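Participant: Please find query-v4.cif (mmCIF, C-alpha atoms) on the next line:
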```cif
data_structure
loop_
_atom_site.label_atom_id
_atom_site.label_comp_id
_atom_site.auth_asym_id
_atom_site.auth_seq_id
_atom_site.Cartn_x
_atom_site.Cartn_y
_atom_site.Cartn_z
CA MET Y 25 114.23 272.37 32.03
CA THR Y 26 113.33 270.12 34.94
CA ASN Y 27 109.69 271.30 35.02
CA LEU Y 28 109.16 270.65 31.32
CA ALA Y 29 110.98 267.34 31.46
CA ALA Y 30 108.88 266.21 34.44
CA LYS Y 31 105.66 267.00 32.57
CA LEU Y 32 106.93 264.92 29.64
CA HIS Y 33 108.17 262.07 31.88
CA ILE Y 34 111.77 262.58 30.83
CA TRP Y 35 114.60 262.23 33.31
CA VAL Y 36 117.12 265.09 33.03
CA TYR Y 37 120.57 265.07 34.51
CA THR Y 38 123.77 267.07 34.06
CA MET Y 39 127.26 265.69 33.69
CA ASP Y 40 130.61 266.82 32.34
CA MET Y 41 129.94 265.28 28.93
CA ASN Y 42 128.27 266.35 25.71
CA SER Y 43 124.50 266.74 25.82
CA MET Y 44 122.56 263.77 24.49
CA ALA Y 45 119.19 262.06 24.55
CA ILE Y 46 118.94 258.40 25.48
CA GLU Y 47 116.07 255.94 25.20
CA LYS Y 48 116.13 252.62 27.01
CA ASP Y 49 113.13 250.29 27.17
CA GLY Y 50 110.73 253.12 26.33
CA LEU Y 51 112.12 255.44 29.02
CA PHE Y 52 113.78 258.67 28.01
CA SER Y 53 116.53 260.71 29.58
CA ILE Y 54 118.49 263.75 28.53
CA ASN Y 55 121.96 264.57 29.72
CA VAL Y 56 122.78 268.26 29.56
CA ASP Y 57 126.44 269.25 29.60
CA ARG Y 58 126.91 271.08 32.92
CA ARG Y 59 130.07 272.79 31.63
CA LEU Y 60 127.84 275.04 29.50
CA SER Y 61 126.29 278.34 30.57
CA VAL Y 62 122.68 278.24 31.81
CA LYS Y 63 121.45 279.65 28.47
CA GLU Y 64 123.47 277.09 26.49
CA GLN Y 65 122.15 274.30 28.71
CA TRP Y 66 118.56 275.37 27.94
CA GLU Y 67 119.33 275.40 24.22
CA ASP Y 68 120.97 271.97 24.36
CA PHE Y 69 118.00 270.64 26.32
CA LEU Y 70 115.59 271.86 23.62
CA HIS Y 71 117.76 270.32 20.90
CA GLU Y 72 117.82 266.97 22.70
CA LEU Y 73 114.11 267.24 23.49
CA CYS Y 74 113.44 267.23 19.76
CA HIS Y 75 115.31 263.94 19.45
CA VAL Y 76 113.16 262.47 22.22
CA LEU Y 77 109.87 263.75 20.80
CA ARG Y 78 110.42 263.31 17.07
CA HIS Y 79 113.23 260.89 16.35
CA SER Y 80 114.03 257.26 16.96
CA GLY Y 81 117.03 255.03 16.59
CA ASN Y 82 120.65 255.07 17.60
CA GLN Y 83 122.65 257.69 15.71
CA MET Y 84 125.82 255.66 16.25
CA VAL Y 85 124.60 253.08 13.72
CA MET Y 86 122.59 255.33 11.36
CA PRO Y 87 123.74 256.46 7.92
CA ASP Y 88 125.44 259.86 8.08
CA ARG Y 89 122.79 261.52 5.91
CA TYR Y 90 120.01 260.43 8.25
CA VAL Y 91 121.96 261.64 11.29
CA ASP Y 92 122.54 264.97 9.51
CA TRP Y 93 118.80 265.28 8.81
CA GLN Y 94 117.95 264.56 12.46
CA GLU Y 95 120.45 267.17 13.62
CA GLN Y 96 119.08 269.78 11.22
CA ASP Y 97 115.55 268.99 12.38
CA ALA Y 98 116.57 269.27 16.04
CA SER Y 99 118.29 272.61 15.37
CA ALA Y 100 115.17 273.98 13.66
CA PHE Y 101 112.96 272.69 16.49
CA GLN Y 102 115.30 274.36 18.98
CA LEU Y 103 114.69 277.77 17.37
CA TYR Y 104 110.90 277.40 17.46
CA ALA Y 105 110.83 275.99 20.98
CA ALA Y 106 113.24 278.58 22.39
CA ILE Y 107 111.40 281.58 20.91
CA PRO Y 108 107.86 280.56 19.95
CA MET Y 109 106.11 282.84 17.47
CA SER Y 110 102.96 282.86 19.61
CA MET Y 111 104.95 284.45 22.44
CA LEU Y 112 107.02 286.65 20.17
CA LYS Y 113 103.89 288.25 18.68
CA LYS Y 114 102.83 289.47 22.12
CA LEU Y 115 106.03 291.43 22.70
CA SER Y 116 106.80 295.01 21.84
CA LEU Y 117 110.15 294.66 20.07
CA PRO Y 118 112.83 297.30 19.51
CA GLU Y 119 113.21 298.43 15.91
CA GLN Y 120 116.98 297.99 15.64
CA LYS Y 121 118.01 294.39 14.98
CA ASN Y 122 120.89 294.30 17.47
CA GLU Y 123 118.62 295.70 20.20
CA MET Y 124 115.91 293.20 19.26
CA VAL Y 125 118.36 290.29 19.44
CA ALA Y 126 119.66 291.44 22.85
CA PHE Y 127 116.09 291.87 24.13
CA LEU Y 128 115.03 288.39 22.95
CA SER Y 129 118.19 286.85 24.38
CA GLU Y 130 117.26 288.17 27.83
CA GLU Y 131 113.49 287.71 27.54
CA PHE Y 132 113.76 284.05 26.49
CA GLN Y 133 117.01 283.28 28.32
CA VAL Y 134 118.83 282.14 25.18
CA THR Y 135 122.21 283.05 23.78
CA TYR Y 136 122.64 286.07 21.56
CA ARG Y 137 123.57 283.64 18.75
CA LEU Y 138 120.28 281.73 18.98
CA ALA Y 139 118.18 284.91 19.25
CA ASN Y 140 119.94 286.26 16.16
CA GLU Y 141 119.36 283.00 14.26
CA ARG Y 142 115.65 283.08 15.11
CA ILE Y 143 115.28 286.69 13.95
CA GLU Y 144 117.11 285.90 10.71
CA GLN Y 145 114.89 282.84 10.19
CA ILE Y 146 111.77 284.97 10.63
CA GLN Y 147 113.14 287.63 8.28
CA ARG Y 148 113.83 284.98 5.61
CA ARG Y 149 110.29 283.61 5.96
CA VAL Y 150 108.74 287.07 5.72
CA LEU Y 151 110.83 287.84 2.64
CA GLN Y 152 109.88 284.48 1.09
CA GLY Y 153 106.20 285.27 1.71
CA ILE Y 154 106.58 288.64 -0.01
CA LEU Y 155 108.39 287.06 -2.97
CA ASP Y 156 105.77 284.31 -3.25
CA HIS Y 157 102.97 286.89 -3.22
CA GLU Y 158 104.70 289.04 -5.85
CA TYR Y 159 105.34 286.01 -8.06
CA GLN Y 160 101.70 284.97 -7.76
CA GLN Y 161 100.57 288.49 -8.70
CA PHE Y 162 103.00 288.53 -11.64
CA SER Y 163 101.85 285.08 -12.83
CA GLN Y 164 98.22 286.11 -12.67
CA SER Y 165 98.94 289.29 -14.62
CA GLN Y 166 100.49 287.17 -17.40
CA VAL Y 167 97.30 285.17 -17.92
CA ARG Y 168 95.12 286.70 -20.58
CA THR Y 169 91.50 285.75 -20.92
CA TYR Y 170 89.62 286.26 -24.12
CA ASP Y 171 86.03 287.31 -24.41
CA SER Y 172 84.29 284.81 -26.67
CA ALA Y 173 81.81 287.50 -27.73
CA ASN Y 174 84.60 289.11 -29.79
CA TRP Y 175 85.68 285.89 -31.52
CA SER Y 176 85.32 285.49 -35.24
CA ASP Y 177 83.22 282.60 -36.55
CA ALA Y 178 86.42 280.71 -37.48
CA THR Y 179 87.88 281.13 -33.95
CA ARG Y 180 84.59 280.09 -32.38
CA ALA Y 181 84.53 276.94 -34.58
CA ILE Y 182 88.12 276.04 -33.57
CA MET Y 183 87.35 276.60 -29.89
CA ASN Y 184 84.22 274.43 -30.12
CA LYS Y 185 86.25 271.68 -31.77
CA LEU Y 186 88.87 271.91 -28.99
CA GLU Y 187 86.16 271.65 -26.32
CA GLN Y 188 84.71 268.54 -28.04
CA LEU Y 189 88.15 266.92 -28.14
CA GLN Y 190 88.67 267.74 -24.52
CA ARG Y 191 85.33 266.18 -23.50
CA LYS Y 192 86.24 263.01 -25.40
CA GLY Y 193 89.59 262.82 -23.58
CA GLY Y 194 91.64 263.69 -26.62
CA MET Y 195 93.32 266.66 -24.98
CA PRO Y 196 94.78 267.52 -21.60
CA ASN Y 197 92.21 269.10 -19.29
CA ARG Y 198 92.73 272.87 -19.67
CA GLN Y 199 90.38 275.77 -19.78
CA THR Y 200 90.14 276.57 -23.46
CA SER Y 201 89.01 280.14 -22.87
CA ARG Y 202 92.23 280.96 -20.97
CA LEU Y 203 95.40 281.08 -22.99
CA LEU Y 204 98.88 282.04 -21.82
#
```
Please go through the file and, once you have read it, give me the structure as structure tokens.

Facilitator:
Amino acid sequence: MTNLAAKLHIWVYTMDMNSMAIEKDGLFSINVDRRLSVKEQWEDFLHELCHVLRHSGNQMVMPDRYVDWQEQDASAFQLYAAIPMSMLKKLSLPEQKNEMVAFLSEEFQVTYRLANERIEQIQRRVLQGILDHEYQQFSQSQVRTYDSANWSDATRAIMNKLEQLQRKGGMPNRQTSRLL
């Protein structure tokens, strides 16, 4: 915490109060609640670091929805910063989820809860990627193209007329040889 904060010119201190980031005259400080465990302190530091790096303003006077957005953003940042994908890819992970979560908790010095959240986040993203790919494949399979060599003279005349209208701006710009 202190090494990273020093590199970023942020003053870090611990007190018996909730963790928070403070900006005064362009200088930044982060209080980390010293009543928390070492792992929880690291997680709180990362959360507050996001506020320092990405947010501005005093949450005490902000609309609730904007405060909520900042908190969600800081929580997402915390997951990425605590267990970066670039570092995760280099590890040989256990196959069982509970073993993987325990391993990551120790390897990255984060709570079991945070390690579990990060694994679930990655699983959701992988699943979303698979679903997106399958949907794209399905969508492409639904597009039928027609070979103009097999068109009748009447179809060819209609298609030529459509292309002329399109060139004149009389139709939306679509490929006339591809029909859904």

Participant: What is the distance, in Å and to one decimal place, between CA of Lys113 (chain Y) and CA of Arg149 (chain Y)?

Facilitator: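 Those two atoms sit 15.0 Å apart.
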
Participant: Of the candidates Y:His33, Y:Arg148, Y:Lys185, Y:Arg137, which one gets nearest to Leu103 (chain Y) if we count all atoms listed in the file?

Facilitator: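 Of Y:His33, Y:Arg148, Y:Lys185, Y:Arg137, the one nearest Leu103 (chain Y), counting all atoms listed in the file, is Y:Arg137.
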
Participant: Using only C-alpha atoms, which of Y:Phe101, Y:Tyr90, Y:Tyr136, Y:Phe69 sits nearest Ser53 (chain Y)?

Facilitator: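 Answer, going by the shortest atom-to-atom distance: Y:Phe69.
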
Participant: Expressed in Å to a single decimal, how great is the separation between CA of Thr135 (chain Y) and CA of Leu112 (chain Y)?

Facilitator: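 Result for CA of Thr135 (chain Y) versus CA of Leu112 (chain Y): 16.0 Å, one decimal.
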
Participant: Taking into account all atoms listed in the file, which residue in the set Y:Val76, Y:Leu138, Y:Ala126, Y:Ala30 is nearest to Ala45 (chain Y)?

Facilitator: Y:Val76

Participant: So the first atom is CA of Glu95 (chain Y) and the second is CA of Gly81 (chain Y); what is the distance between them in Å, to one decimal place?

Facilitator: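 Taking CA of Glu95 (chain Y) as the start and CA of Gly81 (chain Y) as the end point, the length is 13.0 Å.
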
Participant: Using all atoms listed in the file, pick whichever of Y:Val36, Y:Ile154, Y:Cys74, Y:Ala29 has the shortest atom-to-atom distance to Ser99 (chain Y).

Facilitator: Y:Cys74

Participant: Residues near Ser61 (chain Y), anyone? I mean within 12 Å using only C-alpha atoms, not counting same-chain ones fewer than 4 positions away, as a compact mmCIF listing (two decimals) with C-alpha atoms, in the frame of the given file.

Facilitator:
```
# COMPACT_ATOMS: atom_id res chain seq x y z
CA VAL Y 56 122.78 268.26 29.56
CA ASP Y 57 126.44 269.25 29.60
CA GLN Y 65 122.15 274.30 28.71
CA TRP Y 66 118.56 275.37 27.94
CA GLU Y 67 119.33 275.40 24.22
CA ASP Y 68 120.97 271.97 24.36
CA GLN Y 133 117.01 283.28 28.32
CA VAL Y 134 118.83 282.14 25.18
CA THR Y 135 122.21 283.05 23.78
```

Participant: Considering all atoms listed in the file, can you say which of Y:Phe132, Y:Trp93, Y:Phe127, Y:Trp35 comes closest to Ala106 (chain Y)?

Facilitator: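 Of all the options, Y:Phe132 lies closest to Ala106 (chain Y).
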
Participant: Point out the residue among Y:Asn42, Y:Leu28, Y:Lys192, Y:Glu158 with the least atom-to-atom distance to Ala105 (chain Y), counting only C-alpha atoms.

Facilitator: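 Residue with the minimum atom-to-atom distance to Ala105 (chain Y): Y:Leu28.
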
Participant: Can you sort out the box for region 139-156 of chain Y, edges along x, y and z, all listed atoms in, 8 Å on every side, with centre and edge lengths in Å to one decimal, as JSON?

Facilitator:
```
{"center_x": 112.9, "center_y": 285.7, "center_z": 8.0, "size_x": 30.2, "size_y": 21.8, "size_z": 38.5}
```

Participant: Evaluated on this file, the PyMOL selection byres ((chain Y and resi 122) around 12) picks out some residues - which ones are they, written as a short mmCIF file (atom, residue, chain, number, x, y, z; two decimals) with C-alpha atoms, in the frame of the given file?

Facilitator:
```cif
data_model
loop_
_atom_site.label_atom_id
_atom_site.label_comp_id
_atom_site.auth_asym_id
_atom_site.auth_seq_id
_atom_site.Cartn_x
_atom_site.Cartn_y
_atom_site.Cartn_z
CA LEU Y 117 110.15 294.66 20.07
CA PRO Y 118 112.83 297.30 19.51
CA GLU Y 119 113.21 298.43 15.91
CA GLN Y 120 116.98 297.99 15.64
CA LYS Y 121 118.01 294.39 14.98
CA GLU Y 123 118.62 295.70 20.20
CA MET Y 124 115.91 293.20 19.26
CA VAL Y 125 118.36 290.29 19.44
CA ALA Y 126 119.66 291.44 22.85
CA PHE Y 127 116.09 291.87 24.13
CA LEU Y 128 115.03 288.39 22.95
CA SER Y 129 118.19 286.85 24.38
CA TYR Y 136 122.64 286.07 21.56
CA ARG Y 137 123.57 283.64 18.75
CA ALA Y 139 118.18 284.91 19.25
CA ASN Y 140 119.94 286.26 16.16
CA GLU Y 141 119.36 283.00 14.26
CA ILE Y 143 115.28 286.69 13.95
CA GLU Y 144 117.11 285.90 10.71
#
```

Participant: Since fewer atoms than expected are present, regenerate N, CA and C atoms for region 96-123 of chain Y and write them as an mmCIF file, in the coordinates of the input.

Facilitator:
```
data_model
loop_
_atom_site.group_PDB
_atom_site.id
_atom_site.type_symbol
_atom_site.label_atom_id
_atom_site.label_comp_id
_atom_site.auth_asym_id
_atom_site.auth_seq_id
_atom_site.Cartn_x
_atom_site.Cartn_y
_atom_site.Cartn_z
ATOM 1 N N GLN Y 96 119.672 268.568 11.796
ATOM 2 C CA GLN Y 96 119.080 269.780 11.220
ATOM 3 C C GLN Y 96 117.672 269.989 11.764
ATOM 4 N N ASP Y 97 116.910 268.913 11.854
ATOM 5 C CA ASP Y 97 115.550 268.990 12.380
ATOM 6 C C ASP Y 97 115.569 269.450 13.835
ATOM 7 N N ALA Y 98 116.470 268.899 14.630
ATOM 8 C CA ALA Y 98 116.570 269.270 16.040
ATOM 9 C C ALA Y 98 116.994 270.737 16.193
ATOM 10 N N SER Y 99 117.863 271.207 15.314
ATOM 11 C CA SER Y 99 118.290 272.610 15.370
ATOM 12 C C SER Y 99 117.140 273.549 15.013
ATOM 13 N N ALA Y 100 116.338 273.168 14.029
ATOM 14 C CA ALA Y 100 115.170 273.980 13.660
ATOM 15 C C ALA Y 100 114.144 273.973 14.797
ATOM 16 N N PHE Y 101 113.886 272.812 15.360
ATOM 17 C CA PHE Y 101 112.960 272.690 16.490
ATOM 18 C C PHE Y 101 113.423 273.579 17.644
ATOM 19 N N GLN Y 102 114.719 273.572 17.901
ATOM 20 C CA GLN Y 102 115.300 274.360 18.980
ATOM 21 C C GLN Y 102 114.945 275.836 18.826
ATOM 22 N N LEU Y 103 115.013 276.359 17.605
ATOM 23 C CA LEU Y 103 114.690 277.770 17.370
ATOM 24 C C LEU Y 103 113.232 278.057 17.699
ATOM 25 N N TYR Y 104 112.329 277.198 17.208
ATOM 26 C CA TYR Y 104 110.900 277.400 17.460
ATOM 27 C C TYR Y 104 110.560 277.249 18.936
ATOM 28 N N ALA Y 105 111.142 276.250 19.579
ATOM 29 C CA ALA Y 105 110.830 275.990 20.980
ATOM 30 C C ALA Y 105 111.418 277.073 21.893
ATOM 31 N N ALA Y 106 112.586 277.578 21.553
ATOM 32 C CA ALA Y 106 113.240 278.580 22.390
ATOM 33 C C ALA Y 106 112.542 279.933 22.308
ATOM 34 N N ILE Y 107 112.078 280.291 21.115
ATOM 35 C CA ILE Y 107 111.400 281.580 20.910
ATOM 36 C C ILE Y 107 110.158 281.335 20.063
ATOM 37 N N PRO Y 108 109.084 280.867 20.700
ATOM 38 C CA PRO Y 108 107.860 280.560 19.950
ATOM 39 C C PRO Y 108 107.219 281.818 19.358
ATOM 40 N N MET Y 109 106.735 281.712 18.145
ATOM 41 C CA MET Y 109 106.110 282.840 17.470
ATOM 42 C C MET Y 109 104.897 283.340 18.250
ATOM 43 N N SER Y 110 104.153 282.438 18.853
ATOM 44 C CA SER Y 110 102.960 282.860 19.610
ATOM 45 C C SER Y 110 103.338 283.792 20.755
ATOM 46 N N MET Y 111 104.482 283.580 21.364
ATOM 47 C CA MET Y 111 104.950 284.450 22.440
ATOM 48 C C MET Y 111 105.614 285.702 21.887
ATOM 49 N N LEU Y 112 106.313 285.538 20.793
ATOM 50 C CA LEU Y 112 107.020 286.650 20.170
ATOM 51 C C LEU Y 112 106.041 287.727 19.708
ATOM 52 N N LYS Y 113 104.899 287.304 19.184
ATOM 53 C CA LYS Y 113 103.890 288.250 18.680
ATOM 54 C C LYS Y 113 103.339 289.148 19.779
ATOM 55 N N LYS Y 114 103.396 288.703 21.012
ATOM 56 C CA LYS Y 114 102.830 289.470 22.120
ATOM 57 C C LYS Y 114 103.784 290.527 22.665
ATOM 58 N N LEU Y 115 105.016 290.515 22.189
ATOM 59 C CA LEU Y 115 106.030 291.430 22.700
ATOM 60 C C LEU Y 115 106.115 292.703 21.873
ATOM 61 N N SER Y 116 106.502 293.755 22.511
ATOM 62 C CA SER Y 116 106.800 295.010 21.840
ATOM 63 C C SER Y 116 108.308 295.032 21.616
ATOM 64 N N LEU Y 117 108.721 294.836 20.381
ATOM 65 C CA LEU Y 117 110.150 294.660 20.070
ATOM 66 C C LEU Y 117 110.806 295.969 19.653
ATOM 67 N N PRO Y 118 112.073 296.139 20.009
ATOM 68 C CA PRO Y 118 112.830 297.300 19.510
ATOM 69 C C PRO Y 118 112.936 297.233 17.991
ATOM 70 N N GLU Y 119 113.136 298.392 17.374
ATOM 71 C CA GLU Y 119 113.210 298.430 15.910
ATOM 72 C C GLU Y 119 114.580 298.009 15.369
ATOM 73 N N GLN Y 120 115.637 298.332 16.088
ATOM 74 C CA GLN Y 120 116.980 297.990 15.640
ATOM 75 C C GLN Y 120 117.228 296.496 15.884
ATOM 76 N N LYS Y 121 117.799 295.830 14.877
ATOM 77 C CA LYS Y 121 118.010 294.390 14.980
ATOM 78 C C LYS Y 121 118.884 294.001 16.168
ATOM 79 N N ASN Y 122 119.998 294.680 16.368
ATOM 80 C CA ASN Y 122 120.890 294.300 17.470
ATOM 81 C C ASN Y 122 120.207 294.475 18.829
ATOM 82 N N GLU Y 123 119.376 295.499 18.962
ATOM 83 C CA GLU Y 123 118.620 295.700 20.200
ATOM 84 C C GLU Y 123 117.549 294.612 20.354
#
```
